[in-house]
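Here's the structure we're looking at; comments come further down.
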Amino acid sequence: MENRVALVTGGAGGIGSAICMKLAESGHDIVINYHHSEDAAKLLQKTICDQFNVRCLCIQADVSSEAEVDAMVSRIEKELGGVDILINNAAVDMPNLFSLKNADEFRKVLDVNTVGAYICAKRTYRRMIDREYGRIINIASTNGINTYYPMCFDYDASKAALISLTHNLAMQCAPYVNVNAVAPGFIGTEKELEGYDEEFLKEECEKIFLKRYGKPEEVASLVNFLVSDEASYINNSVIRIDGGQAGSC
């Protein structure tokens with residue numbers, strides 16, 4: 001039996017790279033999508049190829065561009081056969097004071113975080129339905145449920161929209177494609193922690209019942225379970241992974 005092919009958008013980042021590694025460890029062929037992080041993506045590709053007996057592609061594409069997504073998926077279909085598992089992880093965050101935000105920034109965040117997930121799902125779902133198997137996992141956030149930060153209201157809105165998209169995709173893709181969302185809380189990646197002062201980070205950590213930030217590998221383990229056959233009856237769900245976070249329960 002051939003390995004299932006997993007496309008991870010934003011696959012070179014902290015959570016994305018952990019997902020790629022975990023799915024490769026589980027025997028999936030991996031496609032690492034990246035936009036700007038070429039060096040990190042290629043290093044991850046080499047690590048996966050060195051450690052696991054799977055195929056691994058590294059493809060640059062802006063997920064908010066239909067043309068670039070189409071070209072990326074066409075290449076995957078040509079070289080690996082197609083996408084069986086889609087992890088919509090690509091995201092941008094442009095925190096700033098409300099008074100300094102502008103509509104162009106809002107559109108940029110929505111285009112990548114929400115529209116990009118829609119474009120990737122639309123381009124890949126038909127093959128999944130035809131093969132009567134597929135998994136789509138949208139990486140949302142507790143920010144899209146009821147944990148809010150005025151500095152990133154556009155990001156929060158995009159993740160709430162991604163959760164809504166999850167429910168509609170689950171209906172659209174039934175009964176052969178399971179569509180779920182994972183909503184991480186504060187995950188201690190380098191990108192997540194940069195730019196915040198120590199006092200803010202301490203206050204945020206105190207809101208978490210486990211009194212620590214999450215690890216990218218913990219998110220990856222949840223995603224790995226959701227794409228497995230053991231999770232075949234989990235569909236149209238939003239699963240928080242936040243350590244028990246005040247304001248998101």
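Starting from 1 in every chain, residues are counted up; chains themselves are A, B, ... following the order of the structure tokens, and ligands are numbered from 1 as listed.
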Show which residues sit within 12 Å of Asn180 of chain A, as a PyMOL selection string. Count only C-alpha atoms, and ignore same-chain residues fewer than 3 positions away. chain A and resi 85-88+134-140+162-171+173+177+183+222-223+225-227+231-240
Keeping only N, CA and C atoms, take the residues you just selected and write them out as a CSV table (one decimal), in the first residue's frame.
```csv
chain,number,residue,atom,x,y,z
A,85,ILE,N,-4.2,14.2,2.5
A,85,ILE,CA,-4.3,14.8,3.7
A,85,ILE,C,-3.9,16.3,3.6
A,86,LEU,N,-4.7,17.2,3.9
A,86,LEU,CA,-4.4,18.6,3.8
A,86,LEU,C,-4.4,19.2,5.2
A,87,ILE,N,-3.3,19.8,5.6
A,87,ILE,CA,-3.2,20.5,6.8
A,87,ILE,C,-3.0,22.0,6.5
A,88,ASN,N,-4.1,22.8,6.7
A,88,ASN,CA,-4.1,24.2,6.5
A,88,ASN,C,-3.5,24.9,7.7
A,134,GLY,N,-10.2,11.0,2.7
A,134,GLY,CA,-9.5,12.3,2.8
A,134,GLY,C,-9.5,12.9,4.2
A,135,ARG,N,-8.6,13.7,4.6
A,135,ARG,CA,-8.6,14.4,5.8
A,135,ARG,C,-8.2,15.9,5.6
A,136,ILE,N,-8.9,16.8,6.1
A,136,ILE,CA,-8.6,18.2,6.1
A,136,ILE,C,-8.6,18.7,7.5
A,137,ILE,N,-7.4,19.2,8.0
A,137,ILE,CA,-7.3,19.7,9.3
A,137,ILE,C,-6.9,21.2,9.2
A,138,ASN,N,-7.8,22.1,9.7
A,138,ASN,CA,-7.5,23.5,9.8
A,138,ASN,C,-6.9,23.9,11.1
A,139,ILE,N,-5.7,24.5,11.1
A,139,ILE,CA,-5.1,25.0,12.3
A,139,ILE,C,-5.7,26.3,12.7
A,140,ALA,N,-6.6,26.3,13.6
A,140,ALA,CA,-7.3,27.6,14.0
A,140,ALA,C,-6.6,28.1,15.2
A,162,LEU,N,-12.1,30.7,10.0
A,162,LEU,CA,-11.6,29.4,9.7
A,162,LEU,C,-12.4,28.3,10.3
A,163,ILE,N,-12.8,28.6,11.6
A,163,ILE,CA,-13.6,27.6,12.2
A,163,ILE,C,-15.0,27.4,11.5
A,164,SER,N,-15.6,28.5,11.1
A,164,SER,CA,-16.8,28.5,10.3
A,164,SER,C,-16.6,27.7,9.0
A,165,LEU,N,-15.5,28.0,8.4
A,165,LEU,CA,-15.1,27.3,7.1
A,165,LEU,C,-15.0,25.8,7.4
A,166,THR,N,-14.5,25.4,8.5
A,166,THR,CA,-14.3,24.0,8.9
A,166,THR,C,-15.7,23.3,8.9
A,167,HIS,N,-16.7,23.9,9.5
A,167,HIS,CA,-18.0,23.3,9.6
A,167,HIS,C,-18.7,23.2,8.2
A,168,ASN,N,-18.5,24.2,7.4
A,168,ASN,CA,-19.1,24.1,6.0
A,168,ASN,C,-18.4,23.1,5.1
A,169,LEU,N,-17.1,23.0,5.3
A,169,LEU,CA,-16.3,22.1,4.5
A,169,LEU,C,-16.7,20.6,4.9
A,170,ALA,N,-16.9,20.4,6.2
A,170,ALA,CA,-17.3,19.1,6.6
A,170,ALA,C,-18.6,18.7,6.0
A,171,MET,N,-19.5,19.6,5.8
A,171,MET,CA,-20.8,19.3,5.2
A,171,MET,C,-20.6,19.1,3.7
A,173,CYS,N,-17.9,18.1,2.1
A,173,CYS,CA,-17.0,16.9,1.7
A,173,CYS,C,-17.6,15.6,2.2
A,177,VAL,N,-14.7,12.6,3.4
A,177,VAL,CA,-13.6,13.4,3.9
A,177,VAL,C,-13.9,14.0,5.2
A,183,ALA,N,-7.5,24.0,17.6
A,183,ALA,CA,-7.4,25.4,18.1
A,183,ALA,C,-6.3,25.4,19.2
A,222,LEU,N,-1.6,15.7,18.2
A,222,LEU,CA,-3.1,15.7,18.0
A,222,LEU,C,-3.4,15.7,16.5
A,223,VAL,N,-2.7,16.4,15.7
A,223,VAL,CA,-3.0,16.3,14.2
A,223,VAL,C,-2.8,14.9,13.7
A,225,PHE,N,-3.1,12.1,15.3
A,225,PHE,CA,-4.2,11.3,15.6
A,225,PHE,C,-5.4,11.5,14.8
A,226,LEU,N,-5.7,12.8,14.5
A,226,LEU,CA,-6.9,13.1,13.8
A,226,LEU,C,-6.9,12.6,12.3
A,227,VAL,N,-5.7,12.5,11.8
A,227,VAL,CA,-5.6,12.0,10.4
A,227,VAL,C,-5.5,10.5,10.3
A,231,ALA,N,-9.1,7.8,14.3
A,231,ALA,CA,-10.0,9.0,14.5
A,231,ALA,C,-11.0,9.1,13.4
A,232,SER,N,-11.4,8.0,12.8
A,232,SER,CA,-12.3,8.1,11.6
A,232,SER,C,-13.7,8.5,11.9
A,233,TYR,N,-14.1,8.5,13.2
A,233,TYR,CA,-15.4,9.0,13.5
A,233,TYR,C,-15.4,10.4,14.1
A,234,ILE,N,-14.3,11.0,14.1
A,234,ILE,CA,-14.2,12.4,14.5
A,234,ILE,C,-14.3,13.3,13.3
A,235,ASN,N,-15.4,14.1,13.2
A,235,ASN,CA,-15.6,14.9,12.1
A,235,ASN,C,-16.4,16.2,12.5
A,236,ASN,N,-16.1,17.3,11.8
A,236,ASN,CA,-16.8,18.6,12.0
A,236,ASN,C,-16.6,19.0,13.4
A,237,SER,N,-15.4,18.8,14.0
A,237,SER,CA,-15.1,19.2,15.4
A,237,SER,C,-14.0,20.3,15.4
A,238,VAL,N,-14.1,21.0,16.5
A,238,VAL,CA,-13.1,22.0,16.8
A,238,VAL,C,-12.5,21.6,18.2
A,239,ILE,N,-11.2,21.2,18.2
A,239,ILE,CA,-10.6,20.7,19.4
A,239,ILE,C,-9.5,21.7,19.9
A,240,ARG,N,-9.8,22.2,21.1
A,240,ARG,CA,-8.8,23.1,21.7
A,240,ARG,C,-7.6,22.3,22.2
```
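Excluding Arg107 of chain A and any residue on its chain fewer than 2 positions from it, the residues at most 12 Å away by only C-alpha atoms are Ser64, Val92, Asp93, Met94, Lys101, Asn102, Ala103, Asp104, Glu105, Val109, Leu110, Asp111, Val112, Asn113, Thr114, Val115, Gly116, Asp154, Tyr155, Ala157 and Ser158 of chain A.
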Neighbour list for Met151 of chain A as JSON, numbers by chain, cut-off 7 Å, only C-alpha atoms, skip fewer than 2 positions in-chain: {"A": [95, 96, 97, 98, 149, 153]}
Written selection (C-alpha atoms) as a JSON list (two decimals), in the first residue's frame:
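What follows is the written file part_27.json:
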```json
[["chain", "number", "residue", "atom", "x", "y", "z"],
["A", 95, "PRO", "CA", -0.25, 42.72, 15.66],
["A", 96, "ASN", "CA", -0.58, 46.45, 16.09],
["A", 97, "LEU", "CA", -2.64, 49.03, 17.96],
["A", 98, "PHE", "CA", -6.24, 49.23, 16.77],
["A", 149, "TYR", "CA", -6.37, 40.36, 21.99],
["A", 153, "PHE", "CA", -8.26, 41.51, 16.10]]
```
Residue with smallest distance to Pro175 of chain A - pool A:Ala24, A:Ile129, A:Ala117, A:Ala67, counting only C-alpha atoms: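 The closest residue to Pro175 of chain A is A:Ile129.
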Could you write out, as a compact mmCIF listing (two decimals) with N, CA and C atoms, in the first residue's frame, all the residues of segment 3-237 of chain A that DSSP marks as alpha helix (DSSP H)?
```
# COMPACT_ATOMS: atom_id res chain seq x y z
N GLY A 14 7.24 26.76 13.16
CA GLY A 14 7.34 25.96 14.38
C GLY A 14 6.33 24.84 14.46
N ILE A 15 5.05 25.16 14.38
CA ILE A 15 4.01 24.13 14.43
C ILE A 15 4.03 23.32 13.14
N GLY A 16 4.18 23.98 12.00
CA GLY A 16 4.17 23.28 10.71
C GLY A 16 5.27 22.25 10.60
N SER A 17 6.48 22.60 11.02
CA SER A 17 7.59 21.66 10.92
C SER A 17 7.40 20.48 11.86
N ALA A 18 6.83 20.73 13.05
CA ALA A 18 6.56 19.64 13.98
C ALA A 18 5.52 18.69 13.40
N ILE A 19 4.51 19.23 12.71
CA ILE A 19 3.50 18.39 12.06
C ILE A 19 4.13 17.56 10.95
N CYS A 20 4.97 18.19 10.14
CA CYS A 20 5.65 17.45 9.06
C CYS A 20 6.47 16.30 9.62
N MET A 21 7.22 16.55 10.67
CA MET A 21 8.06 15.51 11.26
C MET A 21 7.22 14.37 11.82
N LYS A 22 6.13 14.71 12.51
CA LYS A 22 5.30 13.68 13.14
C LYS A 22 4.60 12.83 12.09
N LEU A 23 4.07 13.45 11.04
CA LEU A 23 3.40 12.69 10.00
C LEU A 23 4.38 11.83 9.22
N ALA A 24 5.59 12.33 9.01
CA ALA A 24 6.62 11.53 8.35
C ALA A 24 6.99 10.32 9.20
N GLU A 25 7.10 10.54 10.50
CA GLU A 25 7.40 9.44 11.42
C GLU A 25 6.32 8.37 11.35
N GLU A 38 12.57 29.57 2.70
CA GLU A 38 13.15 28.53 1.84
C GLU A 38 14.22 27.72 2.56
N ASP A 39 15.13 28.41 3.26
CA ASP A 39 16.23 27.69 3.93
C ASP A 39 15.69 26.71 4.97
N ALA A 40 14.75 27.18 5.78
CA ALA A 40 14.17 26.32 6.82
C ALA A 40 13.43 25.14 6.20
N ALA A 41 12.72 25.39 5.10
CA ALA A 41 11.96 24.33 4.45
C ALA A 41 12.89 23.27 3.87
N LYS A 42 13.96 23.69 3.24
CA LYS A 42 14.88 22.73 2.65
C LYS A 42 15.65 21.94 3.71
N LEU A 43 15.96 22.59 4.82
CA LEU A 43 16.61 21.87 5.92
C LEU A 43 15.66 20.83 6.50
N LEU A 44 14.39 21.19 6.64
CA LEU A 44 13.40 20.23 7.14
C LEU A 44 13.24 19.07 6.17
N GLN A 45 13.21 19.36 4.89
CA GLN A 45 13.11 18.30 3.88
C GLN A 45 14.27 17.32 4.01
N LYS A 46 15.48 17.84 4.16
CA LYS A 46 16.65 16.98 4.31
C LYS A 46 16.56 16.14 5.58
N THR A 47 16.10 16.74 6.67
CA THR A 47 15.96 16.00 7.92
C THR A 47 14.98 14.86 7.78
N ILE A 48 13.84 15.13 7.13
CA ILE A 48 12.83 14.10 6.94
C ILE A 48 13.37 12.97 6.06
N CYS A 49 14.03 13.32 4.98
CA CYS A 49 14.57 12.30 4.08
C CYS A 49 15.65 11.47 4.74
N ASP A 50 16.43 12.10 5.63
CA ASP A 50 17.50 11.38 6.32
C ASP A 50 16.96 10.44 7.39
N GLN A 51 15.85 10.82 8.03
CA GLN A 51 15.38 10.08 9.19
C GLN A 51 14.28 9.07 8.90
N GLU A 66 -4.68 31.61 -6.10
CA GLU A 66 -5.25 30.43 -6.73
C GLU A 66 -4.31 29.82 -7.75
N ALA A 67 -3.63 30.66 -8.52
CA ALA A 67 -2.72 30.17 -9.55
C ALA A 67 -1.55 29.41 -8.94
N GLU A 68 -1.00 29.93 -7.85
CA GLU A 68 0.15 29.27 -7.22
C GLU A 68 -0.27 27.98 -6.54
N VAL A 69 -1.43 27.96 -5.92
CA VAL A 69 -1.92 26.73 -5.30
C VAL A 69 -2.19 25.68 -6.36
N ASP A 70 -2.78 26.09 -7.47
CA ASP A 70 -3.06 25.15 -8.56
C ASP A 70 -1.77 24.54 -9.08
N ALA A 71 -0.74 25.37 -9.27
CA ALA A 71 0.55 24.87 -9.75
C ALA A 71 1.18 23.92 -8.74
N MET A 72 1.07 24.25 -7.45
CA MET A 72 1.63 23.39 -6.41
C MET A 72 0.95 22.03 -6.39
N VAL A 73 -0.38 22.02 -6.40
CA VAL A 73 -1.11 20.75 -6.33
C VAL A 73 -0.91 19.94 -7.60
N SER A 74 -0.82 20.62 -8.74
CA SER A 74 -0.56 19.91 -10.00
C SER A 74 0.78 19.19 -9.94
N ARG A 75 1.77 19.84 -9.36
CA ARG A 75 3.08 19.20 -9.21
C ARG A 75 2.99 18.00 -8.27
N ILE A 76 2.25 18.15 -7.18
CA ILE A 76 2.09 17.03 -6.25
C ILE A 76 1.41 15.85 -6.94
N GLU A 77 0.40 16.15 -7.73
CA GLU A 77 -0.31 15.09 -8.46
C GLU A 77 0.62 14.38 -9.45
N LYS A 78 1.48 15.14 -10.07
CA LYS A 78 2.40 14.58 -11.06
C LYS A 78 3.48 13.72 -10.41
N GLU A 79 4.02 14.18 -9.28
CA GLU A 79 5.17 13.53 -8.66
C GLU A 79 4.81 12.53 -7.57
N ALA A 103 -7.11 48.65 6.50
CA ALA A 103 -7.87 47.63 5.78
C ALA A 103 -6.98 46.71 4.96
N ASP A 104 -5.88 47.22 4.44
CA ASP A 104 -4.98 46.38 3.65
C ASP A 104 -4.38 45.27 4.50
N GLU A 105 -4.00 45.60 5.74
CA GLU A 105 -3.46 44.59 6.65
C GLU A 105 -4.55 43.56 7.00
N PHE A 106 -5.75 44.05 7.23
CA PHE A 106 -6.86 43.15 7.55
C PHE A 106 -7.07 42.16 6.40
N ARG A 107 -7.10 42.66 5.18
CA ARG A 107 -7.30 41.80 4.01
C ARG A 107 -6.16 40.79 3.86
N LYS A 108 -4.94 41.22 4.13
CA LYS A 108 -3.78 40.33 4.01
C LYS A 108 -3.92 39.15 4.97
N VAL A 109 -4.29 39.42 6.21
CA VAL A 109 -4.43 38.37 7.21
C VAL A 109 -5.56 37.41 6.82
N LEU A 110 -6.68 37.96 6.39
CA LEU A 110 -7.80 37.11 5.97
C LEU A 110 -7.43 36.30 4.72
N GLY A 116 -6.84 31.39 2.00
CA GLY A 116 -5.84 30.41 1.61
C GLY A 116 -6.27 28.99 1.93
N ALA A 117 -6.88 28.80 3.10
CA ALA A 117 -7.37 27.47 3.47
C ALA A 117 -8.48 27.02 2.53
N TYR A 118 -9.36 27.96 2.18
CA TYR A 118 -10.44 27.65 1.24
C TYR A 118 -9.88 27.25 -0.13
N ILE A 119 -8.91 28.01 -0.63
CA ILE A 119 -8.34 27.73 -1.95
C ILE A 119 -7.69 26.34 -1.96
N CYS A 120 -6.93 26.03 -0.92
CA CYS A 120 -6.25 24.72 -0.87
C CYS A 120 -7.26 23.58 -0.77
N ALA A 121 -8.30 23.78 0.04
CA ALA A 121 -9.32 22.74 0.18
C ALA A 121 -10.07 22.53 -1.13
N LYS A 122 -10.42 23.62 -1.80
CA LYS A 122 -11.17 23.50 -3.04
C LYS A 122 -10.36 22.78 -4.12
N ARG A 123 -9.04 23.03 -4.11
CA ARG A 123 -8.19 22.41 -5.13
C ARG A 123 -7.92 20.94 -4.87
N THR A 124 -8.07 20.49 -3.63
CA THR A 124 -7.68 19.12 -3.29
C THR A 124 -8.85 18.19 -2.95
N TYR A 125 -10.01 18.75 -2.61
CA TYR A 125 -11.07 17.90 -2.04
C TYR A 125 -11.66 16.91 -3.04
N ARG A 126 -11.72 17.30 -4.32
CA ARG A 126 -12.39 16.45 -5.30
C ARG A 126 -11.70 15.10 -5.42
N ARG A 127 -10.38 15.10 -5.45
CA ARG A 127 -9.65 13.83 -5.52
C ARG A 127 -9.92 12.98 -4.29
N MET A 128 -9.99 13.61 -3.13
CA MET A 128 -10.28 12.87 -1.90
C MET A 128 -11.64 12.19 -2.00
N ILE A 129 -12.63 12.92 -2.48
CA ILE A 129 -13.98 12.35 -2.61
C ILE A 129 -13.97 11.20 -3.62
N ASP A 130 -13.29 11.41 -4.74
CA ASP A 130 -13.23 10.36 -5.76
C ASP A 130 -12.58 9.09 -5.23
N ARG A 131 -11.60 9.24 -4.34
CA ARG A 131 -10.90 8.09 -3.77
C ARG A 131 -11.59 7.57 -2.49
N PHE A 153 -6.85 41.81 16.34
CA PHE A 153 -8.26 41.51 16.10
C PHE A 153 -8.49 40.96 14.70
N ASP A 154 -7.63 41.33 13.74
CA ASP A 154 -7.77 40.78 12.39
C ASP A 154 -7.41 39.30 12.37
N TYR A 155 -6.37 38.92 13.11
CA TYR A 155 -5.98 37.52 13.24
C TYR A 155 -7.10 36.72 13.92
N ASP A 156 -7.65 37.29 15.00
CA ASP A 156 -8.75 36.62 15.71
C ASP A 156 -9.93 36.39 14.78
N ALA A 157 -10.27 37.41 13.99
CA ALA A 157 -11.39 37.29 13.06
C ALA A 157 -11.12 36.22 12.01
N SER A 158 -9.88 36.15 11.55
CA SER A 158 -9.53 35.16 10.52
C SER A 158 -9.65 33.74 11.05
N LYS A 159 -9.31 33.53 12.32
CA LYS A 159 -9.38 32.20 12.90
C LYS A 159 -10.82 31.80 13.22
N ALA A 160 -11.64 32.78 13.60
CA ALA A 160 -13.07 32.50 13.78
C ALA A 160 -13.69 32.11 12.45
N ALA A 161 -13.29 32.81 11.39
CA ALA A 161 -13.79 32.47 10.06
C ALA A 161 -13.31 31.10 9.62
N LEU A 162 -12.10 30.74 10.00
CA LEU A 162 -11.57 29.42 9.65
C LEU A 162 -12.36 28.31 10.33
N ILE A 163 -12.79 28.56 11.55
CA ILE A 163 -13.64 27.58 12.25
C ILE A 163 -14.98 27.43 11.53
N SER A 164 -15.57 28.54 11.10
CA SER A 164 -16.81 28.47 10.33
C SER A 164 -16.59 27.72 9.02
N LEU A 165 -15.47 27.99 8.37
CA LEU A 165 -15.13 27.28 7.13
C LEU A 165 -15.03 25.78 7.38
N THR A 166 -14.48 25.40 8.52
CA THR A 166 -14.35 23.98 8.87
C THR A 166 -15.71 23.29 8.85
N HIS A 167 -16.70 23.90 9.48
CA HIS A 167 -18.04 23.30 9.55
C HIS A 167 -18.67 23.17 8.17
N ASN A 168 -18.51 24.20 7.36
CA ASN A 168 -19.09 24.15 6.02
C ASN A 168 -18.37 23.14 5.13
N LEU A 169 -17.05 23.05 5.26
CA LEU A 169 -16.30 22.07 4.48
C LEU A 169 -16.67 20.65 4.88
N ALA A 170 -16.89 20.43 6.17
CA ALA A 170 -17.28 19.10 6.63
C ALA A 170 -18.58 18.66 5.97
N MET A 171 -19.51 19.58 5.82
CA MET A 171 -20.77 19.26 5.16
C MET A 171 -20.56 19.05 3.66
N GLN A 172 -19.77 19.92 3.05
CA GLN A 172 -19.52 19.84 1.62
C GLN A 172 -18.81 18.54 1.24
N CYS A 173 -17.89 18.08 2.07
CA CYS A 173 -17.03 16.95 1.73
C CYS A 173 -17.55 15.61 2.24
N GLU A 190 9.32 30.03 18.80
CA GLU A 190 10.12 31.26 18.77
C GLU A 190 9.29 32.41 18.21
N LYS A 191 8.53 32.16 17.17
CA LYS A 191 7.70 33.20 16.56
C LYS A 191 6.61 33.66 17.50
N GLU A 192 6.04 32.74 18.26
CA GLU A 192 4.95 33.07 19.18
C GLU A 192 5.42 33.97 20.31
N LEU A 193 6.66 33.76 20.77
CA LEU A 193 7.14 34.47 21.95
C LEU A 193 7.85 35.78 21.63
N GLU A 198 8.59 40.30 29.11
CA GLU A 198 8.52 39.19 30.06
C GLU A 198 7.30 39.27 30.96
N GLU A 199 6.88 40.46 31.33
CA GLU A 199 5.73 40.61 32.21
C GLU A 199 4.45 40.11 31.54
N PHE A 200 4.29 40.45 30.25
CA PHE A 200 3.11 39.99 29.51
C PHE A 200 3.11 38.47 29.41
N LEU A 201 4.27 37.89 29.08
CA LEU A 201 4.34 36.44 28.94
C LEU A 201 4.05 35.74 30.27
N LYS A 202 4.51 36.33 31.37
CA LYS A 202 4.24 35.75 32.69
C LYS A 202 2.74 35.80 32.99
N GLU A 203 2.10 36.92 32.68
CA GLU A 203 0.66 37.05 32.92
C GLU A 203 -0.13 36.04 32.08
N GLU A 204 0.27 35.85 30.84
CA GLU A 204 -0.43 34.91 29.98
C GLU A 204 -0.25 33.47 30.47
N CYS A 205 0.94 33.16 30.94
CA CYS A 205 1.21 31.81 31.42
C CYS A 205 0.36 31.51 32.66
N GLU A 206 0.11 32.52 33.49
CA GLU A 206 -0.69 32.34 34.69
C GLU A 206 -2.15 32.00 34.35
N PRO A 216 5.07 22.69 20.17
CA PRO A 216 4.63 22.37 18.81
C PRO A 216 4.40 20.87 18.61
N GLU A 217 5.22 20.06 19.27
CA GLU A 217 5.10 18.61 19.13
C GLU A 217 3.78 18.09 19.69
N GLU A 218 3.23 18.79 20.69
CA GLU A 218 1.94 18.38 21.25
C GLU A 218 0.81 18.65 20.27
N VAL A 219 0.88 19.77 19.56
CA VAL A 219 -0.10 20.04 18.50
C VAL A 219 0.05 19.00 17.39
N ALA A 220 1.29 18.69 17.03
CA ALA A 220 1.55 17.71 15.97
C ALA A 220 0.99 16.35 16.32
N SER A 221 1.10 15.95 17.57
CA SER A 221 0.57 14.64 17.98
C SER A 221 -0.94 14.59 17.85
N LEU A 222 -1.61 15.69 18.17
CA LEU A 222 -3.07 15.75 18.01
C LEU A 222 -3.44 15.65 16.53
N VAL A 223 -2.74 16.40 15.68
CA VAL A 223 -3.00 16.34 14.24
C VAL A 223 -2.76 14.93 13.72
N ASN A 224 -1.69 14.31 14.16
CA ASN A 224 -1.36 12.96 13.72
C ASN A 224 -2.48 11.97 14.08
N PHE A 225 -3.05 12.14 15.25
CA PHE A 225 -4.18 11.28 15.65
C PHE A 225 -5.40 11.54 14.77
N LEU A 226 -5.69 12.80 14.52
CA LEU A 226 -6.89 13.14 13.76
C LEU A 226 -6.85 12.64 12.32
```
Write out as a short mmCIF file (atom, residue, chain, number, x, y, z; two decimals) with all heavy atoms, in the first residue's frame the set of residues from segment 45-163 of chain A that DSSP, computed on the backbone, places in strand (DSSP E or B).
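What landed in out06.cif:
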```cif
data_model
loop_
_atom_site.label_atom_id
_atom_site.label_comp_id
_atom_site.auth_asym_id
_atom_site.auth_seq_id
_atom_site.Cartn_x
_atom_site.Cartn_y
_atom_site.Cartn_z
N CYS A 56 9.46 13.19 0.13
CA CYS A 56 9.24 14.52 0.68
C CYS A 56 9.54 15.58 -0.38
O CYS A 56 10.65 15.62 -0.91
CB CYS A 56 10.11 14.75 1.92
SG CYS A 56 9.83 16.35 2.73
N LEU A 57 8.55 16.39 -0.66
CA LEU A 57 8.72 17.52 -1.57
C LEU A 57 8.71 18.82 -0.77
O LEU A 57 8.12 18.90 0.30
CB LEU A 57 7.59 17.58 -2.60
CG LEU A 57 7.48 16.46 -3.62
CD1 LEU A 57 6.30 16.74 -4.56
CD2 LEU A 57 8.76 16.32 -4.42
N CYS A 58 9.36 19.82 -1.35
CA CYS A 58 9.42 21.15 -0.75
C CYS A 58 8.98 22.13 -1.84
O CYS A 58 9.65 22.25 -2.86
CB CYS A 58 10.86 21.41 -0.31
SG CYS A 58 11.09 22.88 0.67
N ILE A 59 7.85 22.81 -1.66
CA ILE A 59 7.29 23.63 -2.73
C ILE A 59 6.95 25.02 -2.23
O ILE A 59 6.20 25.18 -1.25
CB ILE A 59 6.02 22.98 -3.33
CG1 ILE A 59 6.31 21.55 -3.80
CG2 ILE A 59 5.49 23.83 -4.48
CD1 ILE A 59 5.08 20.84 -4.36
N GLN A 60 7.45 26.03 -2.92
CA GLN A 60 7.12 27.41 -2.60
C GLN A 60 5.80 27.78 -3.26
O GLN A 60 5.58 27.52 -4.45
CB GLN A 60 8.23 28.34 -3.11
CG GLN A 60 8.13 29.77 -2.62
CD GLN A 60 7.16 30.63 -3.41
OE1 GLN A 60 6.89 30.36 -4.58
NE2 GLN A 60 6.63 31.67 -2.78
N ILE A 85 -4.16 14.16 2.46
CA ILE A 85 -4.33 14.85 3.73
C ILE A 85 -3.87 16.29 3.56
O ILE A 85 -2.76 16.54 3.11
CB ILE A 85 -3.48 14.17 4.84
CG1 ILE A 85 -3.95 12.73 5.07
CG2 ILE A 85 -3.52 14.97 6.13
CD1 ILE A 85 -2.97 11.89 5.86
N LEU A 86 -4.74 17.22 3.90
CA LEU A 86 -4.42 18.64 3.81
C LEU A 86 -4.40 19.24 5.20
O LEU A 86 -5.40 19.17 5.92
CB LEU A 86 -5.44 19.36 2.93
CG LEU A 86 -5.37 20.90 2.92
CD1 LEU A 86 -4.04 21.39 2.34
CD2 LEU A 86 -6.56 21.49 2.16
N ILE A 87 -3.28 19.84 5.58
CA ILE A 87 -3.16 20.54 6.84
C ILE A 87 -3.04 22.03 6.53
O ILE A 87 -1.99 22.49 6.07
CB ILE A 87 -1.93 20.08 7.66
CG1 ILE A 87 -1.85 18.54 7.73
CG2 ILE A 87 -1.97 20.70 9.05
CD1 ILE A 87 -3.01 17.88 8.42
N ASN A 88 -4.11 22.77 6.75
CA ASN A 88 -4.10 24.21 6.49
C ASN A 88 -3.51 24.92 7.70
O ASN A 88 -4.22 25.29 8.64
CB ASN A 88 -5.53 24.71 6.22
CG ASN A 88 -5.98 24.39 4.81
OD1 ASN A 88 -5.26 24.61 3.85
ND2 ASN A 88 -7.20 23.87 4.69
N GLY A 134 -10.16 11.04 2.72
CA GLY A 134 -9.47 12.32 2.82
C GLY A 134 -9.55 12.87 4.22
O GLY A 134 -10.46 12.54 5.00
N ARG A 135 -8.59 13.71 4.56
CA ARG A 135 -8.57 14.41 5.83
C ARG A 135 -8.18 15.86 5.57
O ARG A 135 -7.19 16.13 4.88
CB ARG A 135 -7.57 13.79 6.81
CG ARG A 135 -7.85 12.35 7.20
CD ARG A 135 -9.00 12.25 8.19
NE ARG A 135 -9.12 10.91 8.74
CZ ARG A 135 -9.83 9.94 8.20
NH1 ARG A 135 -10.50 10.15 7.07
NH2 ARG A 135 -9.90 8.75 8.77
N ILE A 136 -8.93 16.78 6.12
CA ILE A 136 -8.57 18.20 6.10
C ILE A 136 -8.56 18.68 7.55
O ILE A 136 -9.56 18.56 8.26
CB ILE A 136 -9.56 19.03 5.27
CG1 ILE A 136 -9.56 18.58 3.81
CG2 ILE A 136 -9.21 20.53 5.36
CD1 ILE A 136 -10.59 19.28 2.93
N ILE A 137 -7.42 19.19 7.97
CA ILE A 137 -7.27 19.72 9.32
C ILE A 137 -6.92 21.20 9.20
O ILE A 137 -5.89 21.56 8.61
CB ILE A 137 -6.17 19.00 10.12
CG1 ILE A 137 -6.37 17.48 10.11
CG2 ILE A 137 -6.12 19.54 11.55
CD1 ILE A 137 -7.60 17.01 10.83
N ASN A 138 -7.75 22.05 9.75
CA ASN A 138 -7.49 23.50 9.76
C ASN A 138 -6.89 23.89 11.11
O ASN A 138 -7.48 23.59 12.16
CB ASN A 138 -8.78 24.27 9.52
CG ASN A 138 -9.35 24.03 8.14
OD1 ASN A 138 -8.61 23.92 7.17
ND2 ASN A 138 -10.67 23.96 8.04
N ILE A 139 -5.73 24.52 11.08
CA ILE A 139 -5.09 24.96 12.31
C ILE A 139 -5.67 26.34 12.66
O ILE A 139 -5.26 27.36 12.11
CB ILE A 139 -3.56 25.01 12.19
CG1 ILE A 139 -3.03 23.65 11.71
CG2 ILE A 139 -2.95 25.38 13.55
CD1 ILE A 139 -3.36 22.47 12.60
#
```
Taken to one decimal, the atom CA of Gly243 of chain A-atom CA of Pro150 of chain A distance is 22.2 Å
Compare A:Tyr148, A:Val31, A:Asp62, A:Arg55 by their minimum atom-to-atom distance to Ala246 of chain A, counting only C-alpha atoms, and give me the closest one.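 Smallest separation from Ala246 of chain A among the options: A:Tyr148.
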